[in-house]
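A.B. asks: Just passing along the structure, written as structure tokens.
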Amino acid sequence: MTQAPAVSQENPLLEGLRKRRTAEPCALTIFGASGDLTQRKLIPALYSLAFRNLLPPNFGVVGVARTPMTDDEFREKMRDAVVAHARDEFRPEVWDELAEGFRYVATDFGQEGGEQHVVECLHALDRDRGTAGNRLDYLAVPPAAIEAIVVAMGKHRTSEGWTRLIVEKPFGHDLESARHLNEVIRTYFDESEIFRIDHYLGKETVQNMLVLRFANGIFEPIWNRQFVDHVQITVAESLGIEGRAEFYEQAGAVRDIVQNHLLQLVALTAMEPPIDFSADSVRNEKVKVLKAMHTPGPKHVVRGQYGPGYIEGEEVPGYREEPGVAPDSLTETYVAAKLFVDNWRWADTPFYIRTGKRLPKRETTIAIQFKRAPHPPFEIDSEDSLRPNVLLVHVQPDEGVSLAVGAKVPGQGMTIRTVHMDFLYGGAFRTGLPEAYERLILDCLLGDATLFTRADEVEEQWAIVDAMVAPWKRDRPNFPNYAAGTWGPATAAELLARDGREWRAH
Amino acid sequence: MAGALSTIREIERELGRLRDEAGEPGAHPKLRTSVMTLMAWVPERWVDAASETLSGLAERHPSRTILLFPLPREDRDALEAEVDLRCFLRGGVEREVCSEVISIRLCGRRAAVPASVVEPLLVPDLPVFLRWRGECAWGATELEELVDVAQRLVVDSSEWSDPESGYERLAELLERVAVSDIAWARTERWREAIASLWPGVADASTLRVAGPQAEAALLTRWLSVRLGRAVKLDHEPAGEIELVAVDGSEAVPARYERLSASDLLSAQLEIFGRDHVYEETVRSFSPVLS
């Protein structure tokens with residue numbers, strides 16, 4: 001048999017050209033298009049992708065919500081959102097090209113046939129914009145609305161092209177509801193088509209955690225119980241609930257932050273090296289950590305609710321005085337917990353996590369506190385002397401990594417002070433880190449699920465959270481138990497004090 | 001203003017002084033950050049263009065920048081240097097980030113032996129980039145010395161009066177240093193456009209290019225090398241690439257990017273590996289190496 005001519009083989013002209021990740025033509029449907037997330041994050045992220053030529057030329061957006069609006073009114077509203085929230089300057093030519101593919105459908109999926117208008121609009125977009133039947137459905141809607149949309153859109157899946165589904169957090173409200181939601185979605189969509197979003201995973205610094213650990217030979221040998229005394233992970237917010245009382249009263253801090261962001265950060269910190277950076281390799285390792293996590297007992301979990309106080313000198317109301325919150329609400333706005341990952345690497349090494357609203361400042365950090373030097377041959381002559389080394393990963397703000405080391409104070413004697421060696425992302429690389437949603441939407445357009453949460457991962461997270469909150473049904477906390485503008489209830493400090501430790505000073 | 005610094009020791013001392021001054025008591029200290037040492041060889045006629053390109057670059061690539069201004073016709077042999085700390089606030093960072101810029105005028109014979117001046121000033125363990133403005137001084141000691149100091153040489157062959165002979169000389173340096181050519185970077189979207197015509201261009205024989213001579217020559221040789229067949233250039237001079245056609249079929253880039261000189265240099269400073277396709281293209285200009 002003769003060999004095929006060269007022309008039917010690889011294109012030799014492509015060699016050496018930048019391997020630009022190019023998405024295929026696609027119609028993105030945003031359910032919940034009149035909502036805050038769409039305006040603050042999704043549309044500005046799409047604009048930034050368009051700004052960098054990262055969207056496919058054949059691309060369209062269908063906004064879906066109940067609010068009546070024309071296509072032009074939708075475009076106008078989204079234009080304002082881009083001007084207000086995009087990280088890039090507003091360029092009319094970029095916006096015009098993007099907005100040309102925008103459509104809007106006012107419909108109610110609670111009503112029979114409510115999805116039909118969306119389906120028709122998508123078919124029209126295929127014809128007008130060449131989106132080729134490829135669909136990306138973004139569910140930016142409250143949890144209660146997800147099932148109806150999934151069923152309706154699942155029944156109208158196109159036979160041509162691919163379909164992918166992005167589901168916003170919270171994915172369910174407990175293990176049972178998450179399992180049910182997984183079952184419903186998997187009736188119509190394959191796991192490879194489901195993208196459960198946790199925007200923390202789209203943050204550069206969170207991804208840098210993997211690079212820090214697995215691309216630097218110096219850290220991994222000491223990243224274990226032999227050298228690490230404990231880990232502290234903090235997700236602190238100075239804001240209150242910002243008008244989201246209806247959601248927050250149901251969710252509380254544990255479902256809003258612990259179940260997703262905090263447990264993801266624990267998993268990324270504790271996971272074993274994946275064999276590669278493919279979606280399943282990374283997620284397999286994260287699931288192993290979650291499975292190995294010891295169920296925290298009631299003494300290892302602290303909850304709190306803020307009362308009135310001061311943030312940046314301004315008086316702010318307590319949680320129960322927030323509009324829409326019940327005056328006797330028992331919803332927690334603060335959670336701290338001591339977790340253990342029962343595996344060879346981390347046995348007996350506590351992971352202290354905490355999150356709260358109305359804390360003194362906004363900060364997300366992962367602090368790896370190493371064991372003290374075993375026998376320092378110096379005379380200790382100051383309180384600051386000989387602190388343990390801390391590797392601090394700043395997720396936000398001031399994204400970067402710091403290493404606290406002891407250094408000699410110049411002069412006579414041997415006085416030691418802790419100094420920080422800083423690497424700040426903003427200092428070393430180009431300005432303007434991409435927003436998490438840019439990365440995640442692009443990954444989804446490309447079909448890369450590495451930074452999304454898999455079904456078993458979500459269920460493991462809920463199993464841990466269910467165990468944490470189970471004892472709460474039996475007791476009635478004395479809320480509020482911390483003032484706005486402070487670092488949480490006294491019991492949170494006691495959680496560490498019992499172990500002879502303390503939360504990191506800020 | 002104090003007089004110019006005339007020794008490396010004085011430059012180092014001044015750098016130390018600026019570092020000490022950078023932190024005000026009680027305030028966050030300013031961050032001194034470097035991701036590379038960037039040397040720029042800037043003959044007199046390129047001074048304005050180089051200043052324009054380098055302004056704003058520090059924000060994207062905080063580095064120790066060493067600007068070398070050769071003045072070989074000066075009667076005296078001397079170096080005259082100024083040191084500056086350029087600080088700016090970065091997105092998401094509360095502290096100012098500072099980069100050092102060392103400007104050195106190499107007078108008289110000093111212009112021919114710059115390596116001994118720059119070597120003590122390189123930031124240890126970080127890559128060294130050399131941006132050579134204008135015509136390369138092929139075979140001259142200044143180019144030979146600086147190429148040996150740098151890990152990457154960045155040129156713009158469209159700044160050369162005779163690009164084709166330049167490529168022939170450049171090919172001789174490829175064994176010693178990785179090379180970036182900004183003219184080559186400008187052809188990227190056109191190469192993508194031609195590649196998108198595959199397999200219709202598999203038997204291409206003529207490439208028509210309306211554009212600068214360097215870009216036209218590079219595109220033609222690239223196509224020829226990749227296809228393994230001779231491709232003739234039909235060239236129409238223009239300030240930038242306006243049209244590319246393979247045997248009459250127009251290649252239309254999928255994206256339009258108007259990149260500034262800073263953008264183009266910035267992109268080259270993010271490349272650390274070798275571009276084998278470029279190297280093969282450049283070698284094809286050399287009758288010995290091709």
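Following the order of the structure tokens, first chain is A, next is B, and so on, with residues numbered from 1 inside each chain and ligands from 1 in the order they appear.
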Please provide as a PyMOL selection string all residues within 6 Å of region 59-71 of chain B, with the sequence filter that same-chain residues fewer than 6 positions apart are discarded (counting only C-alpha atoms).

C.D. replies: (chain A and resi 430) or (chain B and resi 33-43+99-107+111)

A.B. asks: Please save N, CA and C atoms of the selected residues as a compact mmCIF listing (two decimals), in the first residue's frame.

C.D. replies:
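The result, stored in part21.txt:
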# COMPACT_ATOMS: atom_id res chain seq x y z
N ARG A 430 2.68 41.16 35.25
CA ARG A 430 1.88 42.22 34.67
C ARG A 430 0.73 42.61 35.59
N THR B 33 11.56 44.55 43.15
CA THR B 33 11.26 43.28 42.51
C THR B 33 11.95 43.22 41.17
N SER B 34 12.52 42.07 40.87
CA SER B 34 13.11 41.87 39.55
C SER B 34 12.77 40.48 39.05
N VAL B 35 12.40 40.40 37.81
CA VAL B 35 12.23 39.07 37.21
C VAL B 35 13.33 38.80 36.18
N MET B 36 14.16 39.81 35.92
CA MET B 36 15.25 39.63 34.96
C MET B 36 16.18 40.84 35.03
N THR B 37 17.32 40.71 34.36
CA THR B 37 18.10 41.90 34.05
C THR B 37 17.87 42.18 32.57
N LEU B 38 17.47 43.38 32.27
CA LEU B 38 17.25 43.76 30.87
C LEU B 38 18.33 44.76 30.48
N MET B 39 19.18 44.34 29.55
CA MET B 39 20.18 45.28 29.02
C MET B 39 19.67 45.80 27.69
N ALA B 40 19.88 47.06 27.46
CA ALA B 40 19.51 47.60 26.15
C ALA B 40 20.71 48.35 25.58
N TRP B 41 21.09 47.98 24.38
CA TRP B 41 22.20 48.65 23.68
C TRP B 41 21.56 49.69 22.77
N VAL B 42 21.81 50.96 23.09
CA VAL B 42 21.04 52.02 22.43
C VAL B 42 21.97 53.04 21.79
N PRO B 43 22.33 52.86 20.52
CA PRO B 43 23.12 53.89 19.83
C PRO B 43 22.32 55.20 19.76
N SER B 99 11.71 49.39 40.53
CA SER B 99 12.70 48.75 39.67
C SER B 99 13.86 49.72 39.49
N GLU B 100 15.03 49.12 39.30
CA GLU B 100 16.21 49.98 39.16
C GLU B 100 16.53 50.17 37.68
N VAL B 101 16.84 51.40 37.33
CA VAL B 101 17.27 51.69 35.96
C VAL B 101 18.66 52.32 36.04
N ILE B 102 19.61 51.68 35.40
CA ILE B 102 20.99 52.19 35.40
C ILE B 102 21.31 52.62 33.97
N SER B 103 21.55 53.89 33.80
CA SER B 103 21.89 54.41 32.47
C SER B 103 23.39 54.67 32.42
N ILE B 104 24.02 54.06 31.44
CA ILE B 104 25.49 54.19 31.37
C ILE B 104 25.90 54.67 29.98
N ARG B 105 26.63 55.76 29.97
CA ARG B 105 27.22 56.21 28.71
C ARG B 105 28.64 55.65 28.63
N LEU B 106 28.90 54.91 27.56
CA LEU B 106 30.21 54.29 27.39
C LEU B 106 30.99 55.13 26.39
N CYS B 107 31.94 55.88 26.91
CA CYS B 107 32.64 56.84 26.06
C CYS B 107 33.96 56.26 25.55
N ALA B 111 33.25 51.82 24.87
CA ALA B 111 32.08 51.36 24.11
C ALA B 111 32.33 50.00 23.46

A.B. asks: Can you pull out every residue within 10 Å of Asp443 (chain A), counting only C-alpha atoms, but drop anything in the same chain fewer than 5 positions away, and send it as a PyMOL selection string?

C.D. replies: chain A and resi 21+23+195+202+437-438+448-452

A.B. asks: What would the file look like if the residues just selected were written as a PDB file, in the first residue's frame with N, CA and C atoms?

C.D. replies:
ATOM      1  N   ARG A  21      -5.149  28.715  22.978  1.00  0.00           N
ATOM      2  CA  ARG A  21      -6.320  27.894  23.253  1.00  0.00           C
ATOM      3  C   ARG A  21      -7.525  28.575  22.609  1.00  0.00           C
ATOM      4  N   ALA A  23     -11.434  28.531  21.497  1.00  0.00           N
ATOM      5  CA  ALA A  23     -12.721  27.880  21.756  1.00  0.00           C
ATOM      6  C   ALA A  23     -13.497  27.722  20.453  1.00  0.00           C
ATOM      7  N   PHE A 195     -20.178  21.379  34.815  1.00  0.00           N
ATOM      8  CA  PHE A 195     -19.114  22.224  35.358  1.00  0.00           C
ATOM      9  C   PHE A 195     -19.651  22.926  36.604  1.00  0.00           C
ATOM     10  N   GLY A 202     -10.709  29.504  40.287  1.00  0.00           N
ATOM     11  CA  GLY A 202     -10.258  30.282  39.132  1.00  0.00           C
ATOM     12  C   GLY A 202      -9.257  31.354  39.506  1.00  0.00           C
ATOM     13  N   TYR A 437     -13.598  34.469  36.983  1.00  0.00           N
ATOM     14  CA  TYR A 437     -14.639  34.056  36.051  1.00  0.00           C
ATOM     15  C   TYR A 437     -14.158  34.028  34.601  1.00  0.00           C
ATOM     16  N   GLU A 438     -13.195  34.869  34.274  1.00  0.00           N
ATOM     17  CA  GLU A 438     -12.645  34.824  32.908  1.00  0.00           C
ATOM     18  C   GLU A 438     -12.032  33.463  32.642  1.00  0.00           C
ATOM     19  N   ASP A 448     -12.403  22.177  29.472  1.00  0.00           N
ATOM     20  CA  ASP A 448     -11.410  21.766  30.471  1.00  0.00           C
ATOM     21  C   ASP A 448     -12.022  21.900  31.873  1.00  0.00           C
ATOM     22  N   ALA A 449     -12.232  20.776  32.538  1.00  0.00           N
ATOM     23  CA  ALA A 449     -12.953  20.779  33.825  1.00  0.00           C
ATOM     24  C   ALA A 449     -12.025  20.745  35.033  1.00  0.00           C
ATOM     25  N   THR A 450     -10.721  20.945  34.820  1.00  0.00           N
ATOM     26  CA  THR A 450      -9.760  20.817  35.930  1.00  0.00           C
ATOM     27  C   THR A 450     -10.136  21.691  37.122  1.00  0.00           C
ATOM     28  N   LEU A 451     -10.575  22.909  36.847  1.00  0.00           N
ATOM     29  CA  LEU A 451     -10.838  23.852  37.930  1.00  0.00           C
ATOM     30  C   LEU A 451     -12.309  23.854  38.351  1.00  0.00           C
ATOM     31  N   PHE A 452     -13.015  22.800  38.026  1.00  0.00           N
ATOM     32  CA  PHE A 452     -14.418  22.691  38.448  1.00  0.00           C
ATOM     33  C   PHE A 452     -14.551  21.479  39.376  1.00  0.00           C
TER      34      PHE A 452
END

A.B. asks: Running DSSP on the backbone, which parts of region 12-192 of chain B land in helix (DSSP H, G or I), as a ChimeraX atom specification?

C.D. replies: /B:12-21,44-54,57-60,108-112,115-121,141-149,157-159,163-173,182-186,188-192

A.B. asks: Fewer than 2 positions away in the same chain doesn't count, so skip those; otherwise give me all residues within 12 Å of Val83 (chain A), counting only C-alpha atoms, as an MDAnalysis selection string.

C.D. replies: chainID A and resid 39:40 43:45 47:48 76:81 85:92 95

A.B. asks: Those same residues, written as a PDB file, in the first residue's frame with N, CA and C atoms?

C.D. replies:
ATOM      1  N   GLN A  39     -24.215  40.802  36.031  1.00  0.00           N
ATOM      2  CA  GLN A  39     -23.730  42.152  35.748  1.00  0.00           C
ATOM      3  C   GLN A  39     -22.357  42.433  36.355  1.00  0.00           C
ATOM      4  N   ARG A  40     -22.119  41.892  37.529  1.00  0.00           N
ATOM      5  CA  ARG A  40     -20.851  42.203  38.193  1.00  0.00           C
ATOM      6  C   ARG A  40     -19.701  41.349  37.686  1.00  0.00           C
ATOM      7  N   ILE A  43     -20.724  39.155  32.608  1.00  0.00           N
ATOM      8  CA  ILE A  43     -20.590  39.965  31.387  1.00  0.00           C
ATOM      9  C   ILE A  43     -19.241  40.702  31.360  1.00  0.00           C
ATOM     10  N   PRO A  44     -18.788  41.292  32.487  1.00  0.00           N
ATOM     11  CA  PRO A  44     -17.436  41.880  32.464  1.00  0.00           C
ATOM     12  C   PRO A  44     -16.362  40.845  32.110  1.00  0.00           C
ATOM     13  N   ALA A  45     -16.538  39.598  32.572  1.00  0.00           N
ATOM     14  CA  ALA A  45     -15.554  38.553  32.226  1.00  0.00           C
ATOM     15  C   ALA A  45     -15.594  38.268  30.730  1.00  0.00           C
ATOM     16  N   TYR A  47     -16.460  40.338  28.430  1.00  0.00           N
ATOM     17  CA  TYR A  47     -15.867  41.503  27.767  1.00  0.00           C
ATOM     18  C   TYR A  47     -14.335  41.400  27.792  1.00  0.00           C
ATOM     19  N   SER A  48     -13.796  41.017  28.955  1.00  0.00           N
ATOM     20  CA  SER A  48     -12.335  40.902  29.053  1.00  0.00           C
ATOM     21  C   SER A  48     -11.803  39.806  28.139  1.00  0.00           C
ATOM     22  N   GLU A  76     -27.916  47.421  26.579  1.00  0.00           N
ATOM     23  CA  GLU A  76     -27.623  48.690  27.246  1.00  0.00           C
ATOM     24  C   GLU A  76     -27.257  48.457  28.720  1.00  0.00           C
ATOM     25  N   LYS A  77     -28.046  47.585  29.347  1.00  0.00           N
ATOM     26  CA  LYS A  77     -27.805  47.286  30.758  1.00  0.00           C
ATOM     27  C   LYS A  77     -26.437  46.590  30.941  1.00  0.00           C
ATOM     28  N   MET A  78     -26.141  45.700  30.025  1.00  0.00           N
ATOM     29  CA  MET A  78     -24.872  44.977  30.121  1.00  0.00           C
ATOM     30  C   MET A  78     -23.688  45.894  29.788  1.00  0.00           C
ATOM     31  N   ARG A  79     -23.935  46.842  28.897  1.00  0.00           N
ATOM     32  CA  ARG A  79     -22.887  47.815  28.577  1.00  0.00           C
ATOM     33  C   ARG A  79     -22.533  48.598  29.840  1.00  0.00           C
ATOM     34  N   ASP A  80     -23.560  49.047  30.549  1.00  0.00           N
ATOM     35  CA  ASP A  80     -23.317  49.783  31.799  1.00  0.00           C
ATOM     36  C   ASP A  80     -22.542  48.906  32.791  1.00  0.00           C
ATOM     37  N   ALA A  81     -22.893  47.618  32.804  1.00  0.00           N
ATOM     38  CA  ALA A  81     -22.211  46.694  33.729  1.00  0.00           C
ATOM     39  C   ALA A  81     -20.734  46.588  33.376  1.00  0.00           C
ATOM     40  N   HIS A  85     -17.835  47.544  35.873  1.00  0.00           N
ATOM     41  CA  HIS A  85     -17.169  46.450  36.573  1.00  0.00           C
ATOM     42  C   HIS A  85     -16.016  45.772  35.827  1.00  0.00           C
ATOM     43  N   ALA A  86     -15.849  46.034  34.527  1.00  0.00           N
ATOM     44  CA  ALA A  86     -14.790  45.316  33.801  1.00  0.00           C
ATOM     45  C   ALA A  86     -13.425  45.832  34.238  1.00  0.00           C
ATOM     46  N   ARG A  87     -12.428  44.965  34.186  1.00  0.00           N
ATOM     47  CA  ARG A  87     -11.081  45.388  34.595  1.00  0.00           C
ATOM     48  C   ARG A  87     -10.345  46.091  33.469  1.00  0.00           C
ATOM     49  N   ASP A  88     -10.887  45.992  32.260  1.00  0.00           N
ATOM     50  CA  ASP A  88     -10.234  46.632  31.121  1.00  0.00           C
ATOM     51  C   ASP A  88     -10.962  47.920  30.750  1.00  0.00           C
ATOM     52  N   GLU A  89     -10.224  48.804  30.080  1.00  0.00           N
ATOM     53  CA  GLU A  89     -10.853  50.032  29.606  1.00  0.00           C
ATOM     54  C   GLU A  89     -11.986  49.691  28.635  1.00  0.00           C
ATOM     55  N   PHE A  90     -12.966  50.563  28.545  1.00  0.00           N
ATOM     56  CA  PHE A  90     -14.085  50.296  27.650  1.00  0.00           C
ATOM     57  C   PHE A  90     -13.708  50.725  26.231  1.00  0.00           C
ATOM     58  N   ARG A  91     -13.734  49.752  25.331  1.00  0.00           N
ATOM     59  CA  ARG A  91     -13.460  50.067  23.926  1.00  0.00           C
ATOM     60  C   ARG A  91     -14.722  49.784  23.133  1.00  0.00           C
ATOM     61  N   PRO A  92     -15.320  50.809  22.540  1.00  0.00           N
ATOM     62  CA  PRO A  92     -16.598  50.622  21.849  1.00  0.00           C
ATOM     63  C   PRO A  92     -16.545  49.527  20.787  1.00  0.00           C
ATOM     64  N   TRP A  95     -16.792  46.144  22.435  1.00  0.00           N
ATOM     65  CA  TRP A  95     -18.136  45.933  22.975  1.00  0.00           C
ATOM     66  C   TRP A  95     -19.147  45.698  21.846  1.00  0.00           C
TER      67      TRP A  95
END

A.B. asks: Would you mind listing what lies within 8 Å of Met293 (chain A) as a VMD selection string, with only C-alpha atoms counted and same-chain residues fewer than 2 positions away left out?

C.D. replies: chain A and resid 289 to 291 295 339 to 342 464

A.B. asks: Region 322-331 of chain A: which residues within 9 Å, counting only C-alpha atoms, same-chain residues fewer than 2 positions away excluded, as a PyMOL selection string?

C.D. replies: chain A and resi 240-246+248-253+304-305+317-320+333+476-480

A.B. asks: Can you write just those residues out, N, CA and C atoms, as a tab-separated table (two decimals), in the first residue's frame?

C.D. replies:
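Written out: again.tsv:
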chain	number	residue	atom	x	y	z
A	240	GLY	N	-20.94	42.82	55.32
A	240	GLY	CA	-22.04	42.06	55.93
A	240	GLY	C	-22.68	41.22	54.84
A	241	ILE	N	-24.00	41.11	54.89
A	241	ILE	CA	-24.64	40.22	53.92
A	241	ILE	C	-25.12	40.96	52.67
A	242	GLU	N	-24.93	42.27	52.63
A	242	GLU	CA	-25.14	43.04	51.40
A	242	GLU	C	-26.49	42.76	50.75
A	243	GLY	N	-27.55	42.79	51.53
A	243	GLY	CA	-28.89	42.64	50.97
A	243	GLY	C	-29.25	41.22	50.56
A	244	ARG	N	-28.40	40.25	50.91
A	244	ARG	CA	-28.68	38.87	50.49
A	244	ARG	C	-29.29	38.07	51.65
A	245	ALA	N	-30.16	38.71	52.42
A	245	ALA	CA	-30.70	38.05	53.62
A	245	ALA	C	-31.43	36.75	53.28
A	246	GLU	N	-32.20	36.78	52.21
A	246	GLU	CA	-33.00	35.60	51.86
A	246	GLU	C	-32.08	34.39	51.65
A	248	TYR	N	-28.81	34.22	52.62
A	248	TYR	CA	-27.90	33.96	53.73
A	248	TYR	C	-28.59	33.31	54.92
A	249	GLU	N	-29.85	33.67	55.15
A	249	GLU	CA	-30.59	33.04	56.25
A	249	GLU	C	-30.68	31.53	56.06
A	250	GLN	N	-30.73	31.10	54.80
A	250	GLN	CA	-30.79	29.67	54.51
A	250	GLN	C	-29.39	29.03	54.57
A	251	ALA	N	-28.41	29.78	54.08
A	251	ALA	CA	-27.09	29.18	53.89
A	251	ALA	C	-26.22	29.28	55.14
A	252	GLY	N	-26.05	30.50	55.63
A	252	GLY	CA	-25.10	30.72	56.72
A	252	GLY	C	-23.67	30.55	56.22
A	253	ALA	N	-22.73	30.84	57.11
A	253	ALA	CA	-21.32	30.80	56.70
A	253	ALA	C	-20.88	29.40	56.29
A	304	GLY	N	-20.54	31.46	65.18
A	304	GLY	CA	-20.80	32.77	65.77
A	304	GLY	C	-21.71	33.60	64.88
A	305	GLN	N	-22.19	34.66	65.48
A	305	GLN	CA	-23.01	35.61	64.70
A	305	GLN	C	-22.64	37.01	65.18
A	317	PRO	N	-24.71	47.69	61.76
A	317	PRO	CA	-25.68	46.95	62.57
A	317	PRO	C	-25.26	45.50	62.76
A	318	GLY	N	-25.87	44.86	63.75
A	318	GLY	CA	-25.67	43.44	63.94
A	318	GLY	C	-26.42	42.65	62.88
A	319	TYR	N	-26.11	41.37	62.79
A	319	TYR	CA	-26.75	40.54	61.76
A	319	TYR	C	-28.26	40.56	61.90
A	320	ARG	N	-28.76	40.46	63.13
A	320	ARG	CA	-30.20	40.40	63.33
A	320	ARG	C	-30.90	41.71	62.99
A	333	THR	N	-22.82	33.49	61.17
A	333	THR	CA	-22.07	34.33	60.22
A	333	THR	C	-20.57	34.08	60.38
A	476	ARG	N	-29.02	25.65	71.35
A	476	ARG	CA	-29.44	27.01	70.97
A	476	ARG	C	-28.32	27.97	71.37
A	477	PRO	N	-27.58	28.46	70.38
A	477	PRO	CA	-26.43	29.31	70.71
A	477	PRO	C	-26.85	30.67	71.25
A	478	ASN	N	-25.96	31.25	71.98
A	478	ASN	CA	-26.23	32.57	72.54
A	478	ASN	C	-25.71	33.63	71.56
A	479	PHE	N	-26.51	33.89	70.54
A	479	PHE	CA	-26.14	34.85	69.50
A	479	PHE	C	-26.74	36.21	69.81
A	480	PRO	N	-26.12	37.30	69.41
A	480	PRO	CA	-24.80	37.40	68.78
A	480	PRO	C	-23.70	37.17	69.81

A.B. asks: Looking only at strand (DSSP E) from DSSP on the backbone, list the matching residues of region 328-497 of chain A as a VMD selection string.

C.D. replies: chain A and resid 334 to 340 350 to 356 363 to 370 390 to 396 400 to 408 416 to 424 482 to 483

A.B. asks: Figure out the distance between CA of Trp160 (chain B) and CA of Gly16 (chain A), please, to one decimal in Å.

C.D. replies: 24.4 Å

A.B. asks: Applying 10 Å and only C-alpha atoms, which residues near region 213-227 of chain B remain after dropping the ones on its own chain fewer than 6 positions away? List them as a PDB file with C-alpha atoms, in the first residue's frame.

C.D. replies:
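Okay, this is what ended up in result.pdb:
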ATOM      1  CA  ALA A   6       2.023  14.624   3.044  1.00  0.00           C
ATOM      2  CA  ASN A  11       0.038  20.746   8.769  1.00  0.00           C
ATOM      3  CA  PRO A  12       3.778  21.649   8.833  1.00  0.00           C
ATOM      4  CA  LEU A  13       2.942  25.342   8.918  1.00  0.00           C
ATOM      5  CA  LEU A  14       1.450  25.076  12.389  1.00  0.00           C
ATOM      6  CA  GLU A  15       4.719  24.052  13.975  1.00  0.00           C
TER       7      GLU A  15
ATOM      8  CA  ASP B 156      14.103  43.839  15.401  1.00  0.00           C
ATOM      9  CA  SER B 157      15.400  42.896  11.959  1.00  0.00           C
ATOM     10  CA  SER B 158      13.141  45.509  10.379  1.00  0.00           C
ATOM     11  CA  GLU B 159      15.571  48.059  11.888  1.00  0.00           C
ATOM     12  CA  TRP B 160      18.347  46.646   9.669  1.00  0.00           C
ATOM     13  CA  SER B 161      19.216  48.196   6.323  1.00  0.00           C
ATOM     14  CA  ASP B 162      19.897  44.809   4.711  1.00  0.00           C
ATOM     15  CA  PRO B 163      17.889  42.181   6.595  1.00  0.00           C
ATOM     16  CA  GLU B 164      18.832  39.246   4.390  1.00  0.00           C
ATOM     17  CA  GLY B 166      21.740  40.305   8.641  1.00  0.00           C
ATOM     18  CA  TYR B 167      20.013  36.936   8.956  1.00  0.00           C
ATOM     19  CA  ILE B 182      10.327  41.477  16.868  1.00  0.00           C
ATOM     20  CA  ALA B 183       9.881  41.485  13.081  1.00  0.00           C
ATOM     21  CA  TRP B 184       9.246  37.736  13.292  1.00  0.00           C
ATOM     22  CA  ALA B 185       6.685  38.328  16.060  1.00  0.00           C
ATOM     23  CA  ARG B 186       4.866  40.738  13.766  1.00  0.00           C
ATOM     24  CA  THR B 187       4.481  37.983  11.192  1.00  0.00           C
ATOM     25  CA  GLU B 188       2.825  35.587  13.624  1.00  0.00           C
ATOM     26  CA  TRP B 190       0.094  36.181   9.071  1.00  0.00           C
ATOM     27  CA  ARG B 191       1.775  32.821   9.517  1.00  0.00           C
ATOM     28  CA  ILE B 194      -1.236  31.086   5.814  1.00  0.00           C
ATOM     29  CA  ALA B 195      -1.340  27.926   7.942  1.00  0.00           C
ATOM     30  CA  VAL B 201      -0.846  25.874   0.064  1.00  0.00           C
ATOM     31  CA  ALA B 202       1.081  22.580   0.117  1.00  0.00           C
ATOM     32  CA  ASP B 203       2.446  23.210  -3.379  1.00  0.00           C
ATOM     33  CA  ALA B 204       2.860  26.976  -3.021  1.00  0.00           C
ATOM     34  CA  SER B 205       5.355  28.563  -5.371  1.00  0.00           C
ATOM     35  CA  THR B 206       4.873  32.335  -4.935  1.00  0.00           C
ATOM     36  CA  LEU B 207       4.232  34.469  -1.898  1.00  0.00           C
ATOM     37  CA  LEU B 233       8.775  36.331  -3.127  1.00  0.00           C
ATOM     38  CA  ASP B 234       6.732  38.952  -4.923  1.00  0.00           C
ATOM     39  CA  HIS B 235       7.396  41.974  -2.727  1.00  0.00           C
ATOM     40  CA  GLU B 236       5.737  45.342  -2.590  1.00  0.00           C
ATOM     41  CA  PRO B 237       7.297  47.654   0.047  1.00  0.00           C
ATOM     42  CA  ALA B 238       4.971  49.040   2.737  1.00  0.00           C
ATOM     43  CA  GLY B 239       5.341  50.347   6.296  1.00  0.00           C
ATOM     44  CA  GLU B 240       3.589  47.339   7.817  1.00  0.00           C
ATOM     45  CA  ILE B 241       2.230  44.119   6.427  1.00  0.00           C
ATOM     46  CA  VAL B 244      -0.152  38.385   2.041  1.00  0.00           C
ATOM     47  CA  VAL B 246      -0.069  32.519  -1.568  1.00  0.00           C
ATOM     48  CA  VAL B 277      11.088  27.417  13.617  1.00  0.00           C
ATOM     49  CA  TYR B 278      12.575  30.900  13.616  1.00  0.00           C
ATOM     50  CA  GLU B 279      16.072  29.490  13.900  1.00  0.00           C
ATOM     51  CA  GLU B 280      15.527  27.184  10.933  1.00  0.00           C
ATOM     52  CA  THR B 281      14.150  30.108   8.948  1.00  0.00           C
ATOM     53  CA  VAL B 282      17.136  32.295   9.782  1.00  0.00           C
ATOM     54  CA  ARG B 283      19.622  29.519   9.022  1.00  0.00           C
ATOM     55  CA  SER B 284      18.063  29.143   5.599  1.00  0.00           C
ATOM     56  CA  PHE B 285      19.529  32.541   4.670  1.00  0.00           C
ATOM     57  CA  SER B 290      21.080  26.033   5.647  1.00  0.00           C
TER      58      SER B 290
END
